[in-house]
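Below is protein06.csv, which holds CSV, C-alpha atoms.
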```
chain,number,residue,atom,x,y,z
T,250,MET,CA,62.0,-111.7,266.2
T,251,GLY,CA,59.7,-110.8,269.0
T,252,PRO,CA,59.0,-110.1,271.8
T,253,ILE,CA,58.3,-106.4,271.1
T,254,VAL,CA,58.9,-105.6,274.7
T,255,PRO,CA,61.5,-107.8,276.4
T,256,LEU,CA,59.6,-108.2,279.6
T,257,PHE,CA,62.4,-109.1,281.9
T,258,GLU,CA,65.1,-106.8,280.6
T,259,ILE,CA,63.4,-103.5,281.2
T,260,PRO,CA,63.1,-101.6,284.4
T,261,GLU,CA,60.1,-102.4,286.6
T,262,GLU,CA,58.7,-98.9,286.4
T,263,LEU,CA,58.6,-99.0,282.6
T,264,ASN,CA,57.1,-102.4,282.8
T,265,LEU,CA,54.3,-101.0,284.9
T,266,LEU,CA,53.8,-98.1,282.5
T,267,ILE,CA,53.4,-100.5,279.6
T,268,ALA,CA,50.9,-102.5,281.7
T,269,PHE,CA,49.0,-99.2,282.5
T,270,LEU,CA,48.8,-98.3,278.8
T,271,ILE,CA,47.6,-101.7,277.8
T,272,GLY,CA,45.1,-101.6,280.6
T,273,LEU,CA,43.9,-98.2,279.4
T,274,GLY,CA,43.4,-99.6,275.9
T,275,PHE,CA,41.5,-102.6,277.3
T,276,GLY,CA,39.2,-100.4,279.4
T,277,PHE,CA,38.6,-98.1,276.5
T,278,THR,CA,37.7,-101.0,274.2
T,279,LEU,CA,35.3,-102.4,276.8
T,280,GLU,CA,33.6,-99.1,277.2
T,281,GLN,CA,33.4,-98.5,273.4
T,282,ALA,CA,31.8,-102.0,273.1
T,283,GLY,CA,29.2,-100.8,275.5
T,284,PHE,CA,30.3,-103.3,278.2
T,285,SER,CA,29.9,-100.8,281.0
T,286,SER,CA,26.1,-101.3,280.7
T,287,SER,CA,24.9,-104.3,282.7
T,288,ARG,CA,21.8,-104.4,280.5
T,289,LYS,CA,24.0,-105.2,277.5
T,290,LEU,CA,25.9,-107.8,279.4
T,291,ALA,CA,22.8,-109.5,280.8
T,292,GLY,CA,21.3,-109.5,277.3
T,293,MET,CA,23.7,-112.3,276.5
T,294,PHE,CA,21.9,-114.6,279.0
T,295,TYR,CA,18.4,-113.6,277.9
T,296,GLY,CA,19.2,-113.5,274.2
T,297,TYR,CA,18.1,-110.0,273.4
T,298,ASP,CA,21.7,-108.7,272.9
T,299,ILE,CA,24.6,-110.8,271.9
T,300,THR,CA,27.3,-108.0,271.8
T,301,VAL,CA,29.3,-109.8,274.4
T,302,LEU,CA,29.6,-112.9,272.3
T,303,LYS,CA,30.5,-110.9,269.2
T,304,VAL,CA,33.1,-108.7,270.9
T,305,PHE,CA,34.9,-111.6,272.7
T,306,PHE,CA,34.8,-114.0,269.8
T,307,THR,CA,36.0,-111.2,267.4
T,308,ALA,CA,38.8,-110.5,269.8
T,309,ALA,CA,39.7,-114.2,270.1
T,310,ILE,CA,39.6,-114.7,266.3
T,311,THR,CA,41.7,-111.6,265.6
T,312,GLY,CA,44.3,-112.7,268.2
T,313,MET,CA,44.3,-116.2,267.0
T,314,LEU,CA,44.8,-115.3,263.4
T,315,GLY,CA,47.4,-112.7,264.3
T,316,LEU,CA,49.5,-115.2,266.3
T,317,LEU,CA,49.2,-117.8,263.5
T,318,PHE,CA,50.3,-115.5,260.8
T,319,LEU,CA,53.1,-113.9,262.9
T,320,ASN,CA,54.3,-117.4,263.6
T,321,TYR,CA,54.1,-118.4,260.0
T,322,PHE,CA,56.2,-115.4,258.9
T,323,GLY,CA,58.8,-116.2,261.6
T,324,LEU,CA,58.1,-113.1,263.7
T,325,ILE,CA,57.2,-114.8,267.0
T,326,ASP,CA,58.6,-117.6,269.0
T,327,MET,CA,55.5,-119.4,270.2
T,328,SER,CA,57.4,-121.5,272.7
T,329,LEU,CA,57.9,-118.3,274.7
T,330,VAL,CA,54.2,-117.3,274.6
T,331,TYR,CA,52.6,-117.8,277.9
T,332,LEU,CA,49.6,-120.1,278.0
T,333,ASN,CA,47.3,-119.9,281.0
T,334,GLU,CA,47.7,-123.0,283.0
T,335,TYR,CA,44.8,-125.4,283.0
T,336,TYR,CA,43.5,-126.5,286.4
T,337,MET,CA,40.5,-128.4,285.3
T,338,THR,CA,38.5,-128.6,288.5
T,339,SER,CA,39.2,-124.9,289.3
T,340,ALA,CA,38.2,-123.9,285.8
T,341,ILE,CA,34.8,-125.7,286.0
T,342,ILE,CA,34.0,-124.5,289.5
T,343,GLY,CA,35.3,-121.0,288.7
T,344,GLY,CA,33.3,-120.9,285.5
T,345,ILE,CA,30.1,-121.7,287.3
T,346,ILE,CA,30.8,-119.1,290.0
T,347,MET,CA,31.8,-116.5,287.4
T,348,GLY,CA,28.7,-117.2,285.3
T,349,ALA,CA,26.4,-116.9,288.4
T,350,GLY,CA,28.1,-113.7,289.5
T,351,PHE,CA,27.8,-112.4,285.9
T,352,ILE,CA,24.1,-112.7,285.8
T,353,ILE,CA,23.4,-111.8,289.4
T,354,GLY,CA,25.7,-108.7,289.4
T,355,GLY,CA,25.4,-107.8,285.8
T,356,PHE,CA,29.1,-107.4,285.3
T,357,CYS,CA,32.2,-109.4,284.9
T,358,PRO,CA,35.2,-108.3,286.9
T,359,GLY,CA,36.8,-106.3,284.1
T,360,THR,CA,33.6,-104.5,283.0
T,361,SER,CA,32.7,-103.7,286.6
T,362,VAL,CA,35.9,-101.6,286.9
T,363,CYS,CA,35.1,-100.0,283.6
T,364,ALA,CA,31.5,-99.1,284.7
T,365,ALA,CA,32.7,-97.9,288.1
T,366,ALA,CA,35.1,-95.6,286.2
T,367,ILE,CA,32.2,-93.9,284.6
T,368,GLY,CA,30.4,-93.6,287.9
T,369,LYS,CA,28.0,-96.5,288.1
T,370,ILE,CA,27.2,-97.1,291.7
T,371,ASP,CA,26.1,-100.8,291.2
T,372,ALA,CA,29.5,-101.5,289.7
T,373,MET,CA,31.2,-100.0,292.7
T,374,TYR,CA,29.2,-102.4,294.9
T,375,PHE,CA,30.1,-105.2,292.6
T,376,ILE,CA,33.8,-104.4,293.0
T,377,GLY,CA,33.4,-104.3,296.8
T,378,GLY,CA,31.7,-107.7,296.7
T,379,GLY,CA,34.6,-109.1,294.5
T,380,LEU,CA,37.2,-107.8,297.0
T,381,VAL,CA,35.3,-109.3,299.9
T,382,GLY,CA,35.3,-112.6,298.0
T,383,ILE,CA,39.0,-112.4,297.3
T,384,PHE,CA,39.7,-111.7,300.9
T,385,LEU,CA,37.6,-114.6,302.1
T,386,PHE,CA,39.2,-116.9,299.6
T,387,GLY,CA,42.7,-115.8,300.6
T,388,GLU,CA,41.9,-116.3,304.3
T,389,THR,CA,40.4,-119.8,303.8
T,390,TYR,CA,42.8,-120.9,301.1
T,391,THR,CA,44.0,-123.9,303.0
T,392,TRP,CA,40.5,-125.3,303.0
T,393,TRP,CA,40.4,-125.2,299.2
T,394,GLU,CA,44.0,-125.8,298.3
T,395,LYS,CA,43.5,-129.4,297.3
T,396,LEU,CA,40.5,-128.7,295.2
T,397,TYR,CA,42.1,-125.6,293.7
T,398,ASN,CA,45.1,-127.6,292.5
T,399,ALA,CA,43.2,-130.7,291.4
T,400,ASN,CA,43.4,-132.1,287.9
T,401,TYR,CA,46.3,-129.9,286.9
T,402,LEU,CA,47.0,-130.3,283.1
T,403,GLY,CA,49.7,-127.6,282.7
T,404,MET,CA,50.0,-125.3,279.7
T,405,VAL,CA,47.9,-127.2,277.2
T,406,LYS,CA,46.5,-126.1,273.9
T,407,LEU,CA,43.1,-127.2,272.7
T,408,SER,CA,44.6,-128.1,269.3
T,409,ASP,CA,47.1,-130.4,271.0
T,410,SER,CA,44.6,-132.1,273.2
T,411,ILE,CA,42.2,-132.9,270.4
T,412,GLY,CA,45.1,-133.6,268.0
T,413,VAL,CA,44.6,-131.2,265.1
T,414,SER,CA,46.9,-128.5,263.9
T,415,ASP,CA,46.6,-124.9,265.2
T,416,GLY,CA,45.4,-123.8,261.8
T,417,ILE,CA,42.6,-126.3,261.5
T,418,LEU,CA,41.5,-125.5,265.0
T,419,ALA,CA,41.5,-121.8,264.0
T,420,LEU,CA,39.2,-122.6,261.1
T,421,ILE,CA,36.9,-124.6,263.3
T,422,VAL,CA,36.6,-121.8,265.8
T,423,ILE,CA,36.0,-119.2,263.0
T,424,VAL,CA,33.3,-121.3,261.4
T,425,ALA,CA,31.7,-121.9,264.8
T,426,ALA,CA,31.9,-118.2,265.7
T,427,VAL,CA,30.3,-117.1,262.4
T,428,MET,CA,27.5,-119.5,262.9
T,429,MET,CA,27.0,-118.3,266.5
T,430,PHE,CA,26.9,-114.7,265.2
T,431,TRP,CA,24.2,-115.6,262.7
T,432,ILE,CA,22.2,-117.7,265.2
T,433,GLY,CA,22.7,-115.1,267.9
T,434,GLU,CA,21.3,-112.4,265.6
T,435,MET,CA,18.2,-114.5,264.9
T,436,ALA,CA,17.9,-114.9,268.7
T,437,GLU,CA,18.2,-111.1,269.1
T,438,LYS,CA,15.1,-110.7,266.9
T,439,LYS,CA,13.2,-113.5,268.6
T,440,PHE,CA,13.9,-112.3,272.2
T,441,LYS,CA,13.7,-108.6,271.4
T,442,ARG,CA,12.9,-106.6,274.6
T,443,GLU,CA,11.4,-103.2,273.7
T,444,ASP,CA,11.2,-102.3,277.4
T,445,ILE,CA,15.0,-102.5,277.9
T,446,SER,CA,16.8,-99.6,276.4
T,447,ASN,CA,20.5,-99.7,275.5
T,448,GLU,CA,21.0,-96.1,276.6
T,449,ILE,CA,23.6,-95.7,279.3
Y,146,MET,CA,13.9,-102.6,252.7
Y,147,LYS,CA,16.8,-102.0,250.4
Y,148,SER,CA,19.1,-100.7,253.2
Y,149,LYS,CA,18.4,-103.8,255.2
Y,150,TYR,CA,19.4,-105.9,252.3
Y,151,LYS,CA,22.6,-103.9,252.0
Y,152,GLY,CA,23.4,-104.5,255.7
Y,153,MET,CA,22.9,-108.2,255.3
Y,154,ASN,CA,25.2,-108.2,252.3
Y,155,ALA,CA,28.0,-106.6,254.3
Y,156,ARG,CA,27.7,-109.2,257.0
Y,157,MET,CA,27.9,-111.9,254.3
Y,158,ILE,CA,31.1,-110.4,252.9
Y,159,LEU,CA,32.6,-110.0,256.3
Y,160,SER,CA,31.8,-113.6,257.3
Y,161,ALA,CA,33.2,-114.9,254.0
Y,162,ILE,CA,36.4,-112.9,254.4
Y,163,ILE,CA,37.0,-114.2,258.0
Y,164,VAL,CA,36.3,-117.8,256.9
Y,165,CYS,CA,38.7,-117.4,254.1
Y,166,PHE,CA,41.4,-116.2,256.5
Y,167,GLY,CA,40.6,-119.3,258.6
Y,168,MET,CA,41.0,-121.5,255.5
Y,169,VAL,CA,44.4,-120.0,254.7
Y,170,ALA,CA,45.4,-120.5,258.4
Y,171,ALA,CA,44.3,-124.1,258.1
Y,172,ILE,CA,46.3,-124.7,255.0
Y,173,LEU,CA,49.5,-123.1,256.3
Y,174,PRO,CA,52.0,-125.7,257.5
Y,175,GLN,CA,52.8,-125.9,261.2
Y,176,LYS,CA,55.9,-124.1,262.1
Y,177,GLN,CA,58.0,-123.8,265.2
Y,178,ASN,CA,60.2,-120.7,265.4
Y,179,SER,CA,62.8,-120.4,268.0
Y,180,SER,CA,64.5,-117.2,269.1
Y,181,VAL,CA,67.1,-119.1,271.1
Y,182,GLN,CA,68.2,-122.0,268.9
Y,183,LEU,CA,70.9,-121.3,266.3
Y,184,ASP,CA,70.7,-122.3,262.7
Y,185,ALA,CA,73.4,-124.1,260.8
Y,186,GLN,CA,74.9,-120.9,259.4
Y,187,GLN,CA,75.3,-119.3,262.8
Y,188,LEU,CA,76.7,-122.5,264.3
Y,189,LEU,CA,79.3,-122.7,261.5
Y,190,TYR,CA,80.3,-119.2,262.1
Y,191,GLU,CA,80.9,-119.9,265.8
Y,192,ILE,CA,82.9,-123.0,265.1
Y,193,GLN,CA,85.1,-121.0,262.7
Y,194,LEU,CA,85.6,-118.4,265.4
Y,195,LYS,CA,87.0,-121.1,267.7
Y,196,ASN,CA,86.0,-119.2,270.8
Y,197,HIS,CA,84.6,-122.4,272.2
Y,198,VAL,CA,88.0,-124.0,272.6
Y,199,VAL,CA,90.0,-123.9,275.8
Y,200,SER,CA,93.7,-124.7,275.4
Y,201,VAL,CA,95.3,-127.3,277.6
Y,202,ASP,CA,97.7,-124.7,278.9
Y,203,GLU,CA,94.8,-122.5,280.0
Y,204,MET,CA,93.1,-125.4,281.6
Y,205,ALA,CA,96.2,-126.6,283.5
Y,206,ASP,CA,96.7,-123.1,284.8
Y,207,ALA,CA,93.1,-123.0,286.0
Y,208,ILE,CA,93.3,-126.3,287.7
Y,209,ILE,CA,96.6,-125.4,289.4
Y,210,ASN,CA,95.2,-122.1,290.6
Y,211,ASN,CA,91.9,-123.7,291.7
Y,212,ASP,CA,90.0,-121.3,289.5
Y,213,PRO,CA,86.4,-121.9,290.6
Y,214,TYR,CA,85.1,-120.5,287.3
Y,215,TYR,CA,86.1,-123.6,285.3
Y,216,GLN,CA,84.1,-126.8,285.6
Y,217,LEU,CA,85.6,-129.7,283.8
Y,218,ILE,CA,83.1,-132.2,282.4
Y,219,ASP,CA,84.3,-135.7,281.4
Y,220,LEU,CA,82.0,-137.1,278.7
Y,221,ARG,CA,83.4,-140.6,278.7
Y,222,SER,CA,81.9,-143.7,280.4
Y,223,PRO,CA,82.1,-144.0,284.2
Y,224,GLU,CA,84.7,-146.9,283.8
Y,225,GLU,CA,87.0,-144.7,281.8
Y,226,PHE,CA,86.4,-141.9,284.2
Y,227,ALA,CA,87.3,-144.1,287.2
Y,228,ALA,CA,90.5,-145.1,285.4
Y,229,TYR,CA,91.7,-141.6,284.8
Y,230,ASN,CA,90.3,-138.1,285.0
Y,231,LEU,CA,91.4,-134.6,285.4
Y,232,PRO,CA,91.2,-133.1,288.9
Y,233,GLY,CA,87.9,-131.6,289.8
Y,234,SER,CA,86.1,-133.0,286.8
Y,235,LEU,CA,82.5,-134.2,286.8
Y,236,ASN,CA,81.5,-137.3,284.9
Y,237,ILE,CA,78.5,-136.8,282.7
Y,238,PRO,CA,78.5,-139.6,280.1
Y,239,PHE,CA,77.7,-138.4,276.7
Y,240,ASP,CA,74.4,-140.3,276.4
Y,241,LYS,CA,73.2,-138.8,279.7
Y,242,LEU,CA,73.9,-135.2,278.7
Y,243,PHE,CA,70.3,-134.0,278.6
Y,244,THR,CA,68.8,-136.2,281.3
Y,245,PRO,CA,67.1,-134.3,284.1
Y,246,GLU,CA,69.9,-135.2,286.5
Y,247,TRP,CA,72.6,-133.6,284.4
Y,248,ALA,CA,70.8,-131.0,282.3
Y,249,PRO,CA,71.1,-128.3,285.0
Y,250,TYR,CA,74.9,-128.6,284.9
Y,251,ILE,CA,75.2,-127.9,281.2
Y,252,ASP,CA,72.4,-125.3,281.1
Y,253,GLN,CA,73.7,-122.8,283.6
Y,254,VAL,CA,75.2,-119.3,283.8
Y,255,ALA,CA,77.7,-119.3,286.6
Y,256,ARG,CA,80.6,-121.4,285.4
Y,257,LYS,CA,82.6,-122.2,282.3
Y,258,ASN,CA,82.0,-125.8,281.5
Y,259,VAL,CA,84.9,-127.5,279.7
Y,260,PHE,CA,84.0,-130.7,277.9
Y,261,TYR,CA,86.6,-133.4,277.3
Y,262,SER,CA,86.9,-137.0,276.2
Y,263,ASN,CA,89.8,-139.0,274.9
Y,264,GLY,CA,90.0,-137.2,271.6
Y,265,SER,CA,88.0,-134.1,270.7
Y,266,THR,CA,85.2,-135.6,268.6
Y,267,LEU,CA,82.8,-136.4,271.5
Y,268,ALA,CA,83.4,-133.0,273.2
Y,269,ASN,CA,82.8,-131.2,269.9
Y,270,GLU,CA,79.6,-133.1,269.3
Y,271,ALA,CA,78.4,-132.3,272.9
Y,272,TRP,CA,79.3,-128.6,272.4
Y,273,MET,CA,77.4,-128.4,269.1
Y,274,LEU,CA,74.3,-130.0,270.6
Y,275,THR,CA,74.3,-127.7,273.6
Y,276,ARG,CA,75.0,-124.6,271.5
Y,277,GLN,CA,72.3,-125.5,269.0
Y,278,LYS,CA,69.9,-125.7,272.0
Y,279,GLY,CA,70.9,-122.1,272.8
Y,280,MET,CA,72.9,-123.0,275.9
Y,281,LYS,CA,75.9,-120.9,276.7
Y,282,ASN,CA,79.0,-121.3,278.9
Y,283,ASN,CA,80.0,-124.6,277.4
Y,284,TYR,CA,83.6,-125.0,276.0
Y,285,ILE,CA,85.8,-127.9,274.9
Y,286,LEU,CA,89.3,-128.9,275.9
Y,287,GLU,CA,91.5,-128.6,272.9
Y,288,GLY,CA,92.5,-132.0,271.7
Y,289,GLY,CA,91.0,-133.8,274.7
Y,290,LEU,CA,92.9,-136.1,277.0
Y,291,ASN,CA,95.3,-137.2,274.2
Y,292,ASN,CA,96.5,-133.7,273.8
Y,293,TRP,CA,96.6,-133.2,277.5
Y,294,ILE,CA,98.9,-136.1,278.0
Y,295,SER,CA,101.1,-135.3,275.1
Y,296,THR,CA,101.3,-131.6,276.0
Y,297,ILE,CA,101.1,-131.3,279.7
Y,298,LEU,CA,102.2,-134.7,281.0
Y,299,THR,CA,104.9,-135.4,278.5
Y,300,PRO,CA,106.0,-132.1,277.1
Y,301,THR,CA,108.8,-132.1,274.6
Y,302,ALA,CA,111.5,-129.5,274.8
Y,303,PRO,CA,111.4,-127.0,272.0
Y,304,GLU,CA,114.4,-126.3,269.8
Y,305,SER,CA,116.7,-123.9,271.4
Y,306,THR,CA,116.3,-121.6,268.4
Y,307,VAL,CA,112.6,-120.8,269.1
Y,308,GLY,CA,111.5,-117.6,270.8
Y,309,ASP,CA,111.0,-116.9,274.5
Y,310,GLU,CA,107.3,-117.6,274.3
Y,311,ALA,CA,107.7,-121.2,273.4
Y,312,ILE,CA,110.4,-121.6,276.0
Y,313,ASN,CA,108.2,-120.0,278.7
Y,314,SER,CA,105.3,-122.2,277.9
Y,315,PHE,CA,107.5,-125.2,278.0
Y,316,GLN,CA,108.7,-124.2,281.4
Y,317,ALA,CA,105.1,-123.8,282.5
Y,318,ARG,CA,104.2,-127.2,281.2
Y,319,LEU,CA,107.1,-128.7,283.1
Y,320,GLY,CA,105.8,-127.1,286.2
Y,321,ALA,CA,102.3,-128.4,285.4
Y,322,ARG,CA,103.6,-131.9,284.9
Y,323,GLN,CA,105.2,-131.8,288.3
Y,324,TYR,CA,101.9,-130.7,289.7
Y,325,PHE,CA,99.8,-133.3,288.0
Y,326,SER,CA,102.1,-136.2,288.3
Y,327,GLY,CA,102.5,-135.4,292.0
Y,328,GLU,CA,106.3,-135.0,292.0
Y,329,GLY,CA,107.3,-132.6,294.7
Y,330,ALA,CA,104.3,-130.2,294.2
Y,331,ALA,CA,101.8,-129.8,297.0
Y,332,SER,CA,98.5,-131.4,296.0
Y,333,ALA,CA,95.5,-129.2,296.1
Y,334,SER,CA,92.9,-130.0,298.7
Y,335,SER,CA,90.2,-132.2,297.4
Y,336,ALA,CA,87.5,-130.1,299.0
Y,337,ASN,CA,88.3,-127.2,296.6
Y,338,ASN,CA,88.0,-129.5,293.6
Y,339,ALA,CA,84.7,-131.1,294.5
Y,340,PRO,CA,82.0,-130.5,291.9
Y,341,ARG,CA,79.7,-127.7,292.9
Y,342,LYS,CA,75.9,-127.4,292.5
Y,343,PRO,CA,75.0,-125.7,289.3
Y,344,VAL,CA,73.4,-122.3,289.1
Y,345,PRO,CA,70.4,-122.7,286.8
Y,346,ALA,CA,70.0,-120.6,283.7
Y,347,LYS,CA,67.4,-117.9,283.9
Y,348,LYS,CA,64.0,-119.5,284.0
Y,349,LYS,CA,61.2,-118.2,281.9
Y,350,THR,CA,59.2,-116.5,284.6
Y,351,LYS,CA,55.5,-117.1,284.1
Y,352,VAL,CA,53.5,-114.1,283.4
Y,353,ALA,CA,50.2,-114.1,285.3
Y,354,GLY,CA,47.3,-112.6,283.5
Y,355,GLY,CA,43.9,-113.0,282.1
Y,356,CYS,CA,40.8,-111.2,281.0
Y,357,SER,CA,37.6,-110.2,282.6
```

As structure tokens, the full file:
Amino acid sequence: MGPIVPLFEIPEELNLLIAFLIGLGFGFTLEQAGFSSSRKLAGMFYGYDITVLKVFFTAAITGMLGLLFLNYFGLIDMSLVYLNEYYMTSAIIGGIIMGAGFIIGGFCPGTSVCAAAIGKIDAMYFIGGGLVGIFLFGETYTWWEKLYNANYLGMVKLSDSIGVSDGILALIVIVAAVMMFWIGEMAEKKFKREDISNEI
Amino acid sequence: MKSKYKGMNARMILSAIIVCFGMVAAILPQKQNSSVQLDAQQLLYEIQLKNHVVSVDEMADAIINNDPYYQLIDLRSPEEFAAYNLPGSLNIPFDKLFTPEWAPYIDQVARKNVFYSNGSTLANEAWMLTRQKGMKNNYILEGGLNNWISTILTPTAPESTVGDEAINSFQARLGARQYFSGEGAASASSANNAPRKPVPAKKKTKVAGGCS
């Protein structure tokens, strides 16, 4: 039974190397999906390009089904799988800031690094802005600390909090995703923007 | 026009396939795997190996030598514990074994916990429960206090025809009896026998991470 890489029993250097390889794969996939173009990313907000929705939901569905089946065949111990901890207030405020930054800057933090790597100057400014934000947040952390830790719910799963099995939730997410893909494609036709090219 | 139709068809097929996968996932029963917990077969094997048993002679030797590696754990009730206990033992009543107060003492890596009660049933049950939960470093005192009293406190002299080994162990038991019943032997300082803070088992360190 998993994990494939026993994270705490291998040397730190090897650990970093594995992280580097996974990071390369992630960056490559983002670039292949066209996410180094802020036109494509902004298209999600204006409705002329829903690639972002498709790529992220496809990734989520694939990961979700993969984990479910691995678990069913006894190949993974789900109690050892890390779930991102849920700080509700932080998640809401962070979501708003992230969304605003996304449409203003035209990138999300991961794709900005991707775009900077292929030489996009706006992406480099975006990273610089992000770093300034991180620095300011770090320096003024004591001001936000209470807000930051508010409404902490721990490592919760959506399926547990609404009281259905993991499998049923997976089906709900899949049906919702397929419907979103279809509606999204109709929106793509409706909000088509001939003036915006997808080149570069 | 025809090619457009074909494209639509491929999308339909893909959508249908992924929804089918979702349906299979929804039908599959919930399952909880554990890479730490032992199943009945593995547990049976460990019981047969008898590696979880500490003999009373070994324990007496450890107490006399103030061996810090051993931690005796008395599973009986506090009243029984107050009436009689082995030096340096810690009273964790059986029903309090997994309470937050005591769990760190039984799920730890630094010391060798030796469970005991009057007989060996309670200690055996406690060992099985902890082992099933994947905890290590828990052992049981062979035969419990009954065996302790009959072997260490009231040893019977072996026949003179038995080998040196039995004679030697009898001599050791006589010495131990002197130690534990306080006749002539210097008593160990109580400070050395005081229960120590447990060293917690390795925590699952949280992996920070996230996308975008």

ask   = What is the atom CA of Pro245 of chain Y-atom CA of Ala228 of chain Y distance in Å, reported with one decimal?
value = 25.8 Å

Residues of chain T within 9 Å of chain Y, all atoms listed in the file counted, as a PyMOL selection string = chain T and resi 250-251+257+310+314+317-318+320-321+323-329+331-333+357-360+414-424+427

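As for atom CA of Pro343 of chain Y and atom CA of Gln253 of chain Y, they are spaced 6.5 Å apart.
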
inquiry  = Would you pick out the contacts of Ala185 of chain Y at 12 Å or less, using only C-alpha atoms, so that residues sharing its chain but fewer than 2 positions from it are not included, and give the list as a list in words?
reply    = Gln182, Leu183, Gln187, Leu188, Leu189, Tyr190, Glu191, Ile192, Met273, Leu274, Arg276, Gln277 and Lys278 of chain Y

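Closest approach to Val344 of chain Y among Y:Tyr261, Y:Tyr214, Y:Phe325, Y:Phe243: Y:Tyr214, based on all atoms listed in the file.
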
Who sits within 9 Å of Phe430 of chain T, only C-alpha atoms, same chain under 6 positions skipped, as a PyMOL selection string = chain T and resi 299+302-303

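We find atom CA of Tyr215 of chain Y and atom CA of Leu286 of chain Y to be spaced 11.3 Å apart.
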